[in-house]
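So the structure is just underneath, and the comments pick up after that.
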Amino acid sequence: MSEQALSHLKVLELCNFVCGPYCTKLLADLGAEVIKIEPPGVGDEARRRGPFLNDFPHPERSGLFLYLNTNKSGITLDIKTSKGRDILRELIKQTDILVEDNPPQVMKELGLTYQELKKINPRLVMTSITPFGQTGPYRDYKAHEMNLHHAGGEGYLLPTQSPDLTREPVKAGGLVGDCICGLSSAIATLAGAYNLNETGVGQYIDVSKQDVLMTMVLLEIAMYANMGIVRNRLERPLLMPIPMECQDGYIMISALTDREWQDLVKFMGNPSWASDEMFSHWLFRHTNGDKINPHIREFVKPYKKEELFQQLQEKTLAAAPVNTSEDLVHSAQMESRGFFAEVEHPEAGKLRQPTVPYKFSNTPSKVKRAAPLLGQHNESVYCGWLGYSKEELVKLKESGTI
Amino acid sequence: MPNQALSHLKVLELCNFVCGPYCTKLLADLGAEVIKVEPPGVGDEARQRGPFLNDIPHTERSGLFLYLNTNKLGITLDVKTRTGQSILKELIKQADIFVEDNLPETTAELGLTYAELKKINPHLVMTSITPFGQIGPYRNYKAFELNSVHAGGEGYMMPIESTFPTREPVKGGGLIGDCMCGLSASLATLAASYDMKATGMGQHVDVSKQDVLMTMVGLEVAMFTYSGTVRTRHKRKAMLATPKECQDGYIMMSAFGDRDWQVFARFIGKDSWAEEERLNTSMKRWENSDEIDQYVETWVKKHKKHDLFHQLQANALAEAPVNTSEDLVKSPQLKSRGFFVEIDHPKAGKLNYPSVSYNLSGTPCNTWRAAPLLGQHNEFVYCGRLGYDKQALVKMLEAGVI
């Protein structure tokens, strides 16, 4: 049995910022050997983005970079030079997977297309992650996470159930759009690797971030494609579509089925308003949501969110508090699952980081090491993998190639 | 070479609604043979949910069900009966992967724990997807997508950059939370299968939806663990943080970095801004974001979103229109990528479906079968795979087991 599920997989990452690095992080956390290639001197853009430890900017202390690059080895290499590209090709010969996120035009200019690379490694699975994919009129267009979120159509639906119809669309919190694209890329890559193991033949995987986001909004798109209806963020009179405010925060309650509705009414002490006939069927309750919601708002007010959550769950009602980061870090459930792990990093010290959302019974995922310092594994990769001598390493460093 | 990446993988699905079915849909779309097990008579809950074709409710015409179950085989089986459980075990003996989404206590009552199942199939990969995972104090708690999103902490960040800090949190549009969990579960399942093919040993994969959503908000959670700061959805000083309203919709613009800023300033007719010292770093621009945003808001009003999108992209600026479902279905980019596929279905007819967000060069996802009718493949699976004769099938049908 392998120590970790993907222990035998060798991955080379030529990516920047969030999406590509998140894709290979998922593979690294499952045991794959991931070598991250960064431009010499500056490194990955995420190193310059906060949050920084104690708000003190430092390229080795960016929370964003540290989280996205756990369990990877890091080397520097300037692939804009021909020497750099020669070295990259040597690395590609020894790898199973290459994940890259450059515009198609750039890869072509650098002579690093899949057509070229498969000549030197026919087993290579190469995954390219770009905003709009490798084909079509927008293939060389640029986009950041915030642009793509709206290009993918999700933003148009947000904030859902907005009482203010005139407000502009928003996007989901954090960099969730890029994370979803990284996840989808990881699945496609792993499917490619699985097939490689069976057939010995690699292939090229073209991921479009816009497409990824569209596969998530499913219903709204299907409704237009098949019925010509454009759904938007307008308020509809639904039952409890948004969180209700308690004493110390918000709670999200749902009572979708008749059984759940009856249990909720009982929990609230069988108030007389609830026996009205217009609330007797789930469809009526949904369309009369605006008549029910004020009563529930009133009911939850005196409660504390965690206490109400526990009591509703005891009645097997699906409810959850709207958790803040603080709630999550202190959560008994998280504690019990060992979701946060402490990682030691030479510059940032001991950090607590989220791990993976899945537990494997035989090949557990572990945090083996923190994100690499810029060029930390140059010697082990260039000398160890490729057989360069230390003198050659010094020369490469002096010429700025690594 | 098999014609699809996962052609040799046999998957059994005992899941309901969105998350689990989305997980196995991703595998089915990559070529795995997925058998979906539904309760006789009623079937999957998604069949009861809209949008329905032409708004007429019908269990075989739910857009939600049709999208989530493409490329699967469908059988009916009552796993609450003894006979049902023993038939399920026969199917499990022949499967590589078993994906289920019951609460741990239910799985135990049904005698379908991994500890039991590995006795009959040691190479089985069993993936359990539950709101809070298999361990910890909340393991038997219930949650729907809208609860999970808030439990995972994402809701607390939304709507991001809100000008009304007093408004309640919201969640992402559609059922995106469940889709993210399905994606993560799919990745973990694939990693375990990869290991199973290498070692011959199966294992149990325990996916917690709350954990999945937390790995996406990485930063906010990390900020609390690093520095004790709880980030919220309140408006912060930031340039171009929300979409701007054009003549015919919204556009999401960005001008990160000095190069992009200078090009952007000239493009919007503010040449002086490109030169001015008070705006020459991103920090300074953030400080003056009110002034910049105000000007941009007035400026964009004269333009159309798609014109601006193409013109700004021609200047290598990352921009995207806020697309509605209509924009997406009509997009030349998506047409060119062949993103929508037409699939015929006996009850719902020919419909357009979003396909996959990745193109695999060697093993394209190009075979599309519509979602199964309730029990459509009973004969194929029970007689073909398990060797029951037709009389036995009739008896099982009469007894309500299938």
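Each chain in the structure tokens gets a letter, A, B, ..., in the order shown, and its residues are numbered from 1; ligands are numbered from 1 in order too.
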
Using only C-alpha atoms, which residues sit within 10 Å of Phe309 (chain A) once same-chain residues fewer than 2 positions away are excluded, as an mmCIF file with N, CA and C atoms, in the first residue's frame?
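Everything below was put into selection_12.cif:
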data_model
loop_
_atom_site.group_PDB
_atom_site.id
_atom_site.type_symbol
_atom_site.label_atom_id
_atom_site.label_comp_id
_atom_site.auth_asym_id
_atom_site.auth_seq_id
_atom_site.Cartn_x
_atom_site.Cartn_y
_atom_site.Cartn_z
ATOM 1 N N ILE A 251 -28.455 32.844 11.873
ATOM 2 C CA ILE A 251 -28.649 31.410 11.711
ATOM 3 C C ILE A 251 -29.407 31.170 10.408
ATOM 4 N N MET A 252 -29.053 30.077 9.741
ATOM 5 C CA MET A 252 -29.718 29.709 8.499
ATOM 6 C C MET A 252 -30.544 28.463 8.808
ATOM 7 N N ILE A 253 -31.870 28.617 8.787
ATOM 8 C CA ILE A 253 -32.741 27.478 9.102
ATOM 9 C C ILE A 253 -33.397 27.008 7.813
ATOM 10 N N TYR A 303 -32.484 34.124 20.792
ATOM 11 C CA TYR A 303 -31.550 32.992 20.894
ATOM 12 C C TYR A 303 -30.115 33.391 20.577
ATOM 13 N N LYS A 304 -29.201 32.547 21.071
ATOM 14 C CA LYS A 304 -27.835 32.636 20.581
ATOM 15 C C LYS A 304 -27.700 31.624 19.461
ATOM 16 N N LYS A 305 -26.881 31.933 18.435
ATOM 17 C CA LYS A 305 -26.918 31.121 17.221
ATOM 18 C C LYS A 305 -26.490 29.668 17.436
ATOM 19 N N GLU A 306 -25.461 29.447 18.249
ATOM 20 C CA GLU A 306 -24.960 28.085 18.443
ATOM 21 C C GLU A 306 -25.976 27.249 19.220
ATOM 22 N N GLU A 307 -26.603 27.902 20.234
ATOM 23 C CA GLU A 307 -27.589 27.218 21.069
ATOM 24 C C GLU A 307 -28.809 26.815 20.242
ATOM 25 N N GLN A 311 -30.197 22.981 19.290
ATOM 26 C CA GLN A 311 -31.573 22.567 19.615
ATOM 27 C C GLN A 311 -32.348 22.132 18.378
ATOM 28 N N LEU A 312 -32.144 22.840 17.267
ATOM 29 C CA LEU A 312 -32.847 22.476 16.030
ATOM 30 C C LEU A 312 -32.338 21.141 15.493
ATOM 31 N N GLN A 313 -31.031 20.933 15.578
ATOM 32 C CA GLN A 313 -30.458 19.677 15.103
ATOM 33 C C GLN A 313 -30.979 18.502 15.926
ATOM 34 N N GLU A 314 -31.218 18.731 17.228
ATOM 35 C CA GLU A 314 -31.781 17.659 18.052
ATOM 36 C C GLU A 314 -33.146 17.231 17.540
ATOM 37 N N LEU A 317 -33.693 18.973 12.450
ATOM 38 C CA LEU A 317 -33.966 20.028 11.478
ATOM 39 C C LEU A 317 -32.631 20.550 10.957
ATOM 40 N N ALA A 318 -32.549 20.721 9.643
ATOM 41 C CA ALA A 318 -31.314 21.204 9.042
ATOM 42 C C ALA A 318 -31.174 22.691 9.340
ATOM 43 N N ALA A 319 -30.197 23.038 10.157
ATOM 44 C CA ALA A 319 -29.941 24.434 10.456
ATOM 45 C C ALA A 319 -28.442 24.586 10.617
ATOM 46 N N ALA A 320 -27.945 25.779 10.387
ATOM 47 C CA ALA A 320 -26.530 26.019 10.658
ATOM 48 C C ALA A 320 -26.334 27.476 10.998
ATOM 49 N N PRO A 321 -25.455 27.741 11.970
ATOM 50 C CA PRO A 321 -25.135 29.136 12.250
ATOM 51 C C PRO A 321 -24.310 29.704 11.094
ATOM 52 N N TYR B 141 -25.626 15.452 12.326
ATOM 53 C CA TYR B 141 -26.425 16.655 12.080
ATOM 54 C C TYR B 141 -26.784 16.753 10.608
#

Q | Shell of 9 Å around region 381-390 of chain B, only C-alpha atoms, local chain residues under 2 positions omitted, as a list in words | A | Ile35, Leu73, Gly74, Ile75, Ile87, Glu90, Leu91, Gln94, His377, Asn378, Glu379, Ala392, Leu393, Val394 and Lys395 of chain B

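We find CA of Glu100 (chain B) and CA of Met126 (chain B) to be spaced 7.8 Å apart.
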
Q: May I have the residues within 10 Å of Leu14 (chain A) as a PyMOL selection string, using only C-alpha atoms and disregarding those fewer than 6 positions away in the same chain?
A: chain A and resi 20-21+24+35-39+44+77+79+88+98-102+128

Q: Identify, with DSSP run on backbone atoms, the residues in region 252-316 of chain A assigned to alpha helix (DSSP H), and express the list as a ChimeraX atom specification.
A: /A:258-267,282-287,289-300,305-314

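Around Glu342 (chain A), within 12 Å and counting only C-alpha atoms, the residues found are Tyr67, Thr70, Ala348, Gly349, Lys350, Leu351, Arg352, Gln353, Pro354, Thr355, Lys366, Val367, Lys368, Arg369 and Ala370 of chain A; Ala222, Thr225 and Tyr226 of chain B, once anything fewer than 6 positions away on its own chain is removed.
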
Keeping only N, CA and C atoms, write those residues as a JSON list (two decimals), in the first residue's frame.
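New file part-v1.json:
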[["chain", "number", "residue", "atom", "x", "y", "z"],
["A", 67, "TYR", "N", -0.60, 29.08, 2.27],
["A", 67, "TYR", "CA", -1.69, 28.12, 2.21],
["A", 67, "TYR", "C", -1.70, 27.36, 0.89],
["A", 70, "THR", "N", 1.52, 24.43, 0.33],
["A", 70, "THR", "CA", 1.94, 23.41, 1.29],
["A", 70, "THR", "C", 2.30, 22.14, 0.52],
["A", 348, "ALA", "N", 7.98, 32.08, 8.65],
["A", 348, "ALA", "CA", 6.71, 32.46, 9.27],
["A", 348, "ALA", "C", 6.49, 31.78, 10.62],
["A", 349, "GLY", "N", 7.35, 30.82, 10.96],
["A", 349, "GLY", "CA", 7.21, 30.14, 12.24],
["A", 349, "GLY", "C", 6.11, 29.11, 12.22],
["A", 350, "LYS", "N", 5.53, 28.83, 13.41],
["A", 350, "LYS", "CA", 4.46, 27.83, 13.49],
["A", 350, "LYS", "C", 3.14, 28.44, 13.07],
["A", 351, "LEU", "N", 2.47, 27.80, 12.10],
["A", 351, "LEU", "CA", 1.20, 28.32, 11.62],
["A", 351, "LEU", "C", 0.14, 27.25, 11.73],
["A", 352, "ARG", "N", -1.10, 27.66, 11.95],
["A", 352, "ARG", "CA", -2.21, 26.70, 11.89],
["A", 352, "ARG", "C", -2.89, 26.88, 10.55],
["A", 353, "GLN", "N", -3.00, 25.81, 9.78],
["A", 353, "GLN", "CA", -3.58, 25.90, 8.46],
["A", 353, "GLN", "C", -4.71, 24.90, 8.27],
["A", 354, "PRO", "N", -5.70, 25.27, 7.42],
["A", 354, "PRO", "CA", -6.72, 24.29, 7.05],
["A", 354, "PRO", "C", -6.03, 23.16, 6.29],
["A", 355, "THR", "N", -6.47, 21.92, 6.49],
["A", 355, "THR", "CA", -5.87, 20.80, 5.75],
["A", 355, "THR", "C", -6.75, 20.43, 4.57],
["A", 366, "LYS", "N", -1.44, 14.18, 4.71],
["A", 366, "LYS", "CA", -0.79, 14.86, 5.83],
["A", 366, "LYS", "C", -0.09, 16.12, 5.35],
["A", 367, "VAL", "N", 0.10, 17.03, 6.29],
["A", 367, "VAL", "CA", 0.90, 18.18, 5.97],
["A", 367, "VAL", "C", 2.33, 17.79, 6.28],
["A", 368, "LYS", "N", 3.09, 17.51, 5.22],
["A", 368, "LYS", "CA", 4.47, 17.08, 5.42],
["A", 368, "LYS", "C", 5.39, 18.27, 5.55],
["A", 369, "ARG", "N", 5.10, 19.31, 4.74],
["A", 369, "ARG", "CA", 5.94, 20.48, 4.87],
["A", 369, "ARG", "C", 5.19, 21.74, 4.46],
["A", 370, "ALA", "N", 5.73, 22.86, 4.97],
["A", 370, "ALA", "CA", 5.13, 24.15, 4.66],
["A", 370, "ALA", "C", 5.49, 24.55, 3.23],
["B", 222, "ALA", "N", -7.51, 31.58, 7.50],
["B", 222, "ALA", "CA", -6.08, 31.71, 7.82],
["B", 222, "ALA", "C", -5.81, 33.01, 8.58],
["B", 225, "THR", "N", -6.48, 32.50, 12.13],
["B", 225, "THR", "CA", -5.48, 31.67, 12.82],
["B", 225, "THR", "C", -4.15, 32.41, 12.93],
["B", 226, "TYR", "N", -3.83, 33.25, 11.95],
["B", 226, "TYR", "CA", -2.54, 33.97, 11.98],
["B", 226, "TYR", "C", -2.58, 35.17, 12.91]]

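Contact shell of region 356-362 of chain B at 6 Å (only C-alpha atoms; same-chain neighbours under 2 positions omitted): A:Gln203, A:Tyr204, A:Ile205, A:Asp206, A:Val207, A:Ser208, A:Asp211, A:Val212, B:Pro364.
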
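Counting only C-alpha atoms and comparing B:Glu105, B:Asp55, B:Asp307, B:Glu276, the residue that lies closest to chain A is B:Asp55.
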